[in-house]
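All remarks here apply to the structure that follows.
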Amino acid sequence: RAQRIGEHMSWQLLEEMSEWEEETDKGLHILPIVGCFFRKSLFDPSVGTNASLLVLAQNLVINYFAKSMERAPRLTEQLQFYPYELEEQVRAGMFLDQDWGMPANSNGDEDAPHEFLEQHRWLDLDGDGYPEPYIVTLHKDSMKVARIVARYDAEGVKISRTTGKVAQIEPVHYYTKYDFLPNPDGGIYGVGFGQLLGPINESVNTTLNQLFDAGNLQNTGG
């Protein structure tokens, strides 16, 4: 049984999820330089298959001093959709049918992408005093809400035996964080060679400039 499951998962990653191999390779090359990247794993209802997407650290906003991805109260991913992709989302019933207007900084280009913010957050929509985990997607320029969907399932709802009320809701986590080196100041984002070598490069450049200046001053006799 374990062998069958392993073969099926390998087929899913390498055959069914066409983006997995390419984006994994890209992420592993970025990781030592930047120090952090994220993988977003979800079921894509538009195509009916699982998806595993590379998310760069610059496109996922998290509280810098959050202890973990699971405890962060809010995760906001910056997304871009071309007009035809927006129409596909509307026709698939994923987004509300709204007038999004022209994208900012489009310079009159009707095919320019629209910027959206997908926020994985806690939101008290039923007014019971306990916020539930939701995914809220909104258009960045117009601030119109495109989609609100629950980020939990029935298995994640825990009922108190004493009061019979909802005691806790375990959200479904979509993002997996990969760090190269832990952040020494306790930040949520990892550290890579890009940050470590920056000050060293500056020191080397300063030292070389001083050597050249001293040599030039000595040779020209003042």
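For the structure tokens, the naming scheme is as follows: chains receive sequential letters (A, B, ...) according to their order of presentation, residues are indexed from 1 within each chain, and ligands are indexed from 1 in presentation order.
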Write out as a tab-separated table (two decimals) with N, CA, C and O atoms, in the first residue's frame which residues come within 8 Å of range 134-141 of chain A when counting only C-alpha atoms, dropping same-chain ones fewer than 6 positions away.
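File around31.tsv, as written:
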chain	number	residue	atom	x	y	z
A	100	TRP	N	-13.70	46.12	-12.54
A	100	TRP	CA	-12.42	46.36	-11.89
A	100	TRP	C	-11.74	47.64	-12.38
A	100	TRP	O	-10.78	48.09	-11.76
A	103	PRO	N	-6.18	48.86	-14.78
A	103	PRO	CA	-5.11	48.65	-13.79
A	103	PRO	C	-4.29	49.92	-13.61
A	103	PRO	O	-4.12	50.71	-14.54
A	104	ALA	N	-3.79	50.12	-12.40
A	104	ALA	CA	-2.92	51.26	-12.14
A	104	ALA	C	-1.61	51.11	-12.91
A	104	ALA	O	-1.09	50.00	-13.08
A	114	HIS	N	-4.02	43.01	-13.42
A	114	HIS	CA	-4.61	43.64	-12.23
A	114	HIS	C	-3.94	43.04	-11.00
A	114	HIS	O	-3.66	41.84	-10.94
A	115	GLU	N	-3.71	43.89	-9.99
A	115	GLU	CA	-3.11	43.43	-8.74
A	115	GLU	C	-4.21	43.11	-7.73
A	115	GLU	O	-5.12	43.91	-7.50
A	116	PHE	N	-4.06	41.93	-7.13
A	116	PHE	CA	-4.99	41.49	-6.09
A	116	PHE	C	-4.21	41.15	-4.82
A	116	PHE	O	-3.01	40.82	-4.88
A	117	LEU	N	-4.89	41.23	-3.70
A	117	LEU	CA	-4.34	40.83	-2.41
A	117	LEU	C	-5.17	39.68	-1.87
A	117	LEU	O	-6.38	39.82	-1.67
A	118	GLU	N	-4.52	38.53	-1.67
A	118	GLU	CA	-5.19	37.36	-1.09
A	118	GLU	C	-4.74	37.22	0.35
A	118	GLU	O	-3.58	36.90	0.62
A	119	GLN	N	-5.66	37.47	1.27
A	119	GLN	CA	-5.31	37.50	2.68
A	119	GLN	C	-5.89	36.30	3.41
A	119	GLN	O	-7.10	36.09	3.42
A	120	HIS	N	-4.99	35.52	4.00
A	120	HIS	CA	-5.38	34.39	4.84
A	120	HIS	C	-5.43	34.92	6.27
A	120	HIS	O	-4.39	35.16	6.88
A	121	ARG	N	-6.62	35.09	6.80
A	121	ARG	CA	-6.78	35.79	8.06
A	121	ARG	C	-7.91	35.21	8.89
A	121	ARG	O	-8.60	34.28	8.46
A	122	TRP	N	-8.07	35.78	10.09
A	122	TRP	CA	-9.18	35.43	10.98
A	122	TRP	C	-10.20	36.55	10.91
A	122	TRP	O	-9.85	37.73	10.99
A	123	LEU	N	-11.47	36.17	10.76
A	123	LEU	CA	-12.53	37.15	10.55
A	123	LEU	C	-13.82	36.66	11.22
A	123	LEU	O	-14.25	35.53	10.99
A	147	ARG	N	-13.61	37.78	-3.44
A	147	ARG	CA	-13.93	36.42	-2.98
A	147	ARG	C	-13.68	36.30	-1.49
A	147	ARG	O	-12.70	36.83	-0.97
A	148	ILE	N	-14.58	35.60	-0.80
A	148	ILE	CA	-14.38	35.21	0.60
A	148	ILE	C	-14.74	33.73	0.70
A	148	ILE	O	-15.83	33.32	0.32
A	149	VAL	N	-13.80	32.93	1.19
A	149	VAL	CA	-14.03	31.49	1.29
A	149	VAL	C	-13.46	31.00	2.61
A	149	VAL	O	-12.46	31.53	3.12
A	150	ALA	N	-14.10	30.01	3.20
A	150	ALA	CA	-13.67	29.45	4.48
A	150	ALA	C	-12.32	28.76	4.33
A	150	ALA	O	-12.03	28.12	3.31
A	151	ARG	N	-11.51	28.87	5.37
A	151	ARG	CA	-10.17	28.26	5.38
A	151	ARG	C	-10.11	27.12	6.41
A	151	ARG	O	-9.09	26.87	7.02
A	152	TYR	N	-11.23	26.44	6.58
A	152	TYR	CA	-11.28	25.32	7.51
A	152	TYR	C	-12.31	24.32	7.00
A	152	TYR	O	-13.13	24.62	6.12
For range 148-208 of chain A versus range 57-70 of chain A, which residues have an atom no more than 12 Å away, and what is each residue's nearest atom pair and distance in Å rounded to one decimal, using only C-alpha atoms, chain-then-number order, as JSON lines?
{"residue": "A:Glu170", "atom": "CA", "partner": "A:Glu70", "partner_atom": "CA", "distance": 9.8}
{"residue": "A:Pro171", "atom": "CA", "partner": "A:Glu70", "partner_atom": "CA", "distance": 8.7}
{"residue": "A:Val172", "atom": "CA", "partner": "A:Glu70", "partner_atom": "CA", "distance": 9.4}
{"residue": "A:His173", "atom": "CA", "partner": "A:Glu70", "partner_atom": "CA", "distance": 7.2}
{"residue": "A:Tyr174", "atom": "CA", "partner": "A:Met69", "partner_atom": "CA", "distance": 9.9}
{"residue": "A:Tyr175", "atom": "CA", "partner": "A:Met69", "partner_atom": "CA", "distance": 7.9}
{"residue": "A:Thr176", "atom": "CA", "partner": "A:Met69", "partner_atom": "CA", "distance": 8.0}
{"residue": "A:Lys177", "atom": "CA", "partner": "A:Met69", "partner_atom": "CA", "distance": 7.7}
{"residue": "A:Tyr178", "atom": "CA", "partner": "A:Ala57", "partner_atom": "CA", "distance": 9.9}
{"residue": "A:Asp179", "atom": "CA", "partner": "A:Ala57", "partner_atom": "CA", "distance": 10.4}
{"residue": "A:Asn183", "atom": "CA", "partner": "A:Phe65", "partner_atom": "CA", "distance": 10.3}
{"residue": "A:Pro184", "atom": "CA", "partner": "A:Phe65", "partner_atom": "CA", "distance": 11.6}
{"residue": "A:Asp185", "atom": "CA", "partner": "A:Phe65", "partner_atom": "CA", "distance": 8.9}
{"residue": "A:Gly186", "atom": "CA", "partner": "A:Phe65", "partner_atom": "CA", "distance": 6.5}
{"residue": "A:Gly187", "atom": "CA", "partner": "A:Phe65", "partner_atom": "CA", "distance": 4.9}
{"residue": "A:Ile188", "atom": "CA", "partner": "A:Tyr64", "partner_atom": "CA", "distance": 5.4}
{"residue": "A:Tyr189", "atom": "CA", "partner": "A:Tyr64", "partner_atom": "CA", "distance": 7.3}
{"residue": "A:Gly190", "atom": "CA", "partner": "A:Ala57", "partner_atom": "CA", "distance": 9.3}
{"residue": "A:Val191", "atom": "CA", "partner": "A:Ala57", "partner_atom": "CA", "distance": 11.1}
{"residue": "A:Gly192", "atom": "CA", "partner": "A:Ala57", "partner_atom": "CA", "distance": 12.0}
Writing out the chosen residues with N, CA, C and O atoms as an mmCIF file, in the first residue's frame:
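Final output, part-v5.cif:
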data_model
loop_
_atom_site.group_PDB
_atom_site.id
_atom_site.type_symbol
_atom_site.label_atom_id
_atom_site.label_comp_id
_atom_site.auth_asym_id
_atom_site.auth_seq_id
_atom_site.Cartn_x
_atom_site.Cartn_y
_atom_site.Cartn_z
ATOM 1 N N GLU A 170 -9.333 24.771 13.792
ATOM 2 C CA GLU A 170 -7.995 24.577 13.228
ATOM 3 C C GLU A 170 -8.038 24.918 11.750
ATOM 4 O O GLU A 170 -8.707 24.250 10.965
ATOM 5 N N PRO A 171 -7.319 25.974 11.317
ATOM 6 C CA PRO A 171 -7.380 26.363 9.907
ATOM 7 C C PRO A 171 -6.565 25.426 9.011
ATOM 8 O O PRO A 171 -5.672 24.704 9.480
ATOM 9 N N VAL A 172 -6.890 25.441 7.745
ATOM 10 C CA VAL A 172 -6.104 24.723 6.738
ATOM 11 C C VAL A 172 -4.970 25.648 6.297
ATOM 12 O O VAL A 172 -5.216 26.777 5.868
ATOM 13 N N HIS A 173 -3.734 25.174 6.418
ATOM 14 C CA HIS A 173 -2.565 25.989 6.086
ATOM 15 C C HIS A 173 -2.125 25.692 4.652
ATOM 16 O O HIS A 173 -1.886 24.538 4.295
ATOM 17 N N TYR A 174 -2.004 26.732 3.861
ATOM 18 C CA TYR A 174 -1.676 26.591 2.449
ATOM 19 C C TYR A 174 -0.184 26.783 2.161
ATOM 20 O O TYR A 174 0.305 26.329 1.131
ATOM 21 N N TYR A 175 0.529 27.458 3.045
ATOM 22 C CA TYR A 175 1.912 27.844 2.757
ATOM 23 C C TYR A 175 2.894 27.026 3.587
ATOM 24 O O TYR A 175 2.669 26.769 4.772
ATOM 25 N N THR A 176 3.988 26.645 2.939
ATOM 26 C CA THR A 176 5.105 25.981 3.604
ATOM 27 C C THR A 176 6.337 26.850 3.424
ATOM 28 O O THR A 176 6.661 27.246 2.298
ATOM 29 N N LYS A 177 7.023 27.154 4.517
ATOM 30 C CA LYS A 177 8.175 28.050 4.480
ATOM 31 C C LYS A 177 9.466 27.253 4.422
ATOM 32 O O LYS A 177 9.640 26.277 5.147
ATOM 33 N N TYR A 178 10.395 27.690 3.564
ATOM 34 C CA TYR A 178 11.713 27.082 3.448
ATOM 35 C C TYR A 178 12.759 28.147 3.774
ATOM 36 O O TYR A 178 12.814 29.197 3.128
ATOM 37 N N ASP A 179 13.584 27.882 4.788
ATOM 38 C CA ASP A 179 14.643 28.805 5.202
ATOM 39 C C ASP A 179 16.010 28.222 4.882
ATOM 40 O O ASP A 179 16.224 27.005 4.990
ATOM 41 N N ASN A 183 16.863 33.474 10.924
ATOM 42 C CA ASN A 183 17.123 34.904 11.079
ATOM 43 C C ASN A 183 17.661 35.173 12.482
ATOM 44 O O ASN A 183 17.010 34.844 13.471
ATOM 45 N N PRO A 184 18.860 35.776 12.619
ATOM 46 C CA PRO A 184 19.440 35.968 13.959
ATOM 47 C C PRO A 184 18.667 36.942 14.833
ATOM 48 O O PRO A 184 18.778 36.881 16.064
ATOM 49 N N ASP A 185 17.870 37.852 14.241
ATOM 50 C CA ASP A 185 17.112 38.794 15.073
ATOM 51 C C ASP A 185 15.707 38.296 15.379
ATOM 52 O O ASP A 185 14.881 39.042 15.909
ATOM 53 N N GLY A 186 15.439 37.025 15.039
ATOM 54 C CA GLY A 186 14.158 36.425 15.381
ATOM 55 C C GLY A 186 13.052 36.677 14.387
ATOM 56 O O GLY A 186 11.901 36.347 14.649
ATOM 57 N N GLY A 187 13.358 37.255 13.223
ATOM 58 C CA GLY A 187 12.354 37.518 12.210
ATOM 59 C C GLY A 187 11.852 36.247 11.559
ATOM 60 O O GLY A 187 12.493 35.195 11.599
ATOM 61 N N ILE A 188 10.678 36.339 10.930
ATOM 62 C CA ILE A 188 10.039 35.172 10.335
ATOM 63 C C ILE A 188 10.738 34.744 9.054
ATOM 64 O O ILE A 188 10.722 33.570 8.682
ATOM 65 N N TYR A 189 11.383 35.691 8.349
ATOM 66 C CA TYR A 189 12.032 35.384 7.080
ATOM 67 C C TYR A 189 13.467 34.905 7.323
ATOM 68 O O TYR A 189 14.191 35.463 8.156
ATOM 69 N N GLY A 190 13.887 33.875 6.581
ATOM 70 C CA GLY A 190 15.229 33.355 6.698
ATOM 71 C C GLY A 190 16.265 34.283 6.082
ATOM 72 O O GLY A 190 15.952 35.271 5.421
ATOM 73 N N VAL A 191 17.529 33.939 6.292
ATOM 74 C CA VAL A 191 18.658 34.745 5.818
ATOM 75 C C VAL A 191 19.475 33.927 4.829
ATOM 76 O O VAL A 191 19.697 32.729 5.029
ATOM 77 N N GLY A 192 19.922 34.566 3.746
ATOM 78 C CA GLY A 192 20.740 33.897 2.740
ATOM 79 C C GLY A 192 22.075 34.600 2.560
ATOM 80 O O GLY A 192 22.392 35.586 3.226
#
I need the residues of range 43-215 of chain A that end up classed as alpha helix (DSSP H) by DSSP on the backbone, written out as a short mmCIF file (atom, residue, chain, number, x, y, z; two decimals) with C-alpha atoms, in the first residue's frame.
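As a result, result_30.cif now contains:
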data_model
loop_
_atom_site.label_atom_id
_atom_site.label_comp_id
_atom_site.auth_asym_id
_atom_site.auth_seq_id
_atom_site.Cartn_x
_atom_site.Cartn_y
_atom_site.Cartn_z
CA PRO A 83 -8.04 40.42 -17.81
CA TYR A 84 -8.73 37.07 -19.49
CA GLU A 85 -7.73 35.26 -16.28
CA LEU A 86 -10.14 37.45 -14.32
CA GLU A 87 -12.92 36.52 -16.72
CA GLU A 88 -12.07 32.83 -16.24
CA GLN A 89 -12.27 33.25 -12.45
CA VAL A 90 -15.67 34.94 -12.75
CA ARG A 91 -17.06 32.29 -15.12
CA PHE A 193 24.19 34.65 1.39
CA GLY A 194 22.83 37.80 -0.27
CA GLN A 195 22.35 39.46 3.12
CA LEU A 196 25.52 37.99 4.65
CA LEU A 197 27.86 38.97 1.83
CA GLY A 198 26.56 42.52 1.43
CA PRO A 199 28.52 44.09 4.33
CA ILE A 200 31.58 41.97 3.47
CA ASN A 201 31.54 43.25 -0.11
CA GLU A 202 31.34 46.82 1.14
CA SER A 203 34.32 46.26 3.43
CA VAL A 204 36.37 44.71 0.62
CA ASN A 205 35.51 47.58 -1.75
CA THR A 206 36.48 50.17 0.87
CA THR A 207 39.78 48.41 1.59
CA LEU A 208 40.68 48.17 -2.12
CA ASN A 209 39.82 51.83 -2.69
CA GLN A 210 42.03 52.85 0.20
CA LEU A 211 44.91 50.74 -1.16
CA PHE A 212 44.56 52.27 -4.62
CA ASP A 213 44.36 55.79 -3.21
CA ALA A 214 47.41 55.25 -1.00
CA GLY A 215 49.42 53.79 -3.90
#
**OP:** Report the residues of range 1-187 of chain A whose backbone DSSP state falls under strand (DSSP E), written as a PyMOL selection string.
**Re:** chain A and resi 36-44+49-56+60-62+74-81+114-123+132-139+145-150+157-159+166-169+175-179
**OP:** Write out as a list in words the residues lying within 10 Å of range 45-50 of chain A, counting only C-alpha atoms and excluding same-chain residues fewer than 4 positions away.
**Re:**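 Residues meeting the cut-off are Gln12, Leu13, Glu16, Met17, Ser41, Glu88, Gln89, Arg91, Ala92, Gly93 and Met94 of chain A.
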Original post:
Quick one, how far is CA of Leu96 in chain A from CA of Thr76 in chain A?
Top reply: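 So the answer is 19.6 Å.
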**OP:** Check the smallest atom-to-atom distance from each of A:Asp44, A:Gly27, A:Gln98, A:Arg1 to Met143 in chain A using only C-alpha atoms, then report the winner.
**Re:**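 That would be A:Gln98, the residue with the smallest distance to Met143 in chain A.
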**OP:** State, in Å with one decimal place, the distance from CA of Gln168 in chain A to CA of Pro131 in chain A.
**Re:**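 The value is 9.9 Å.
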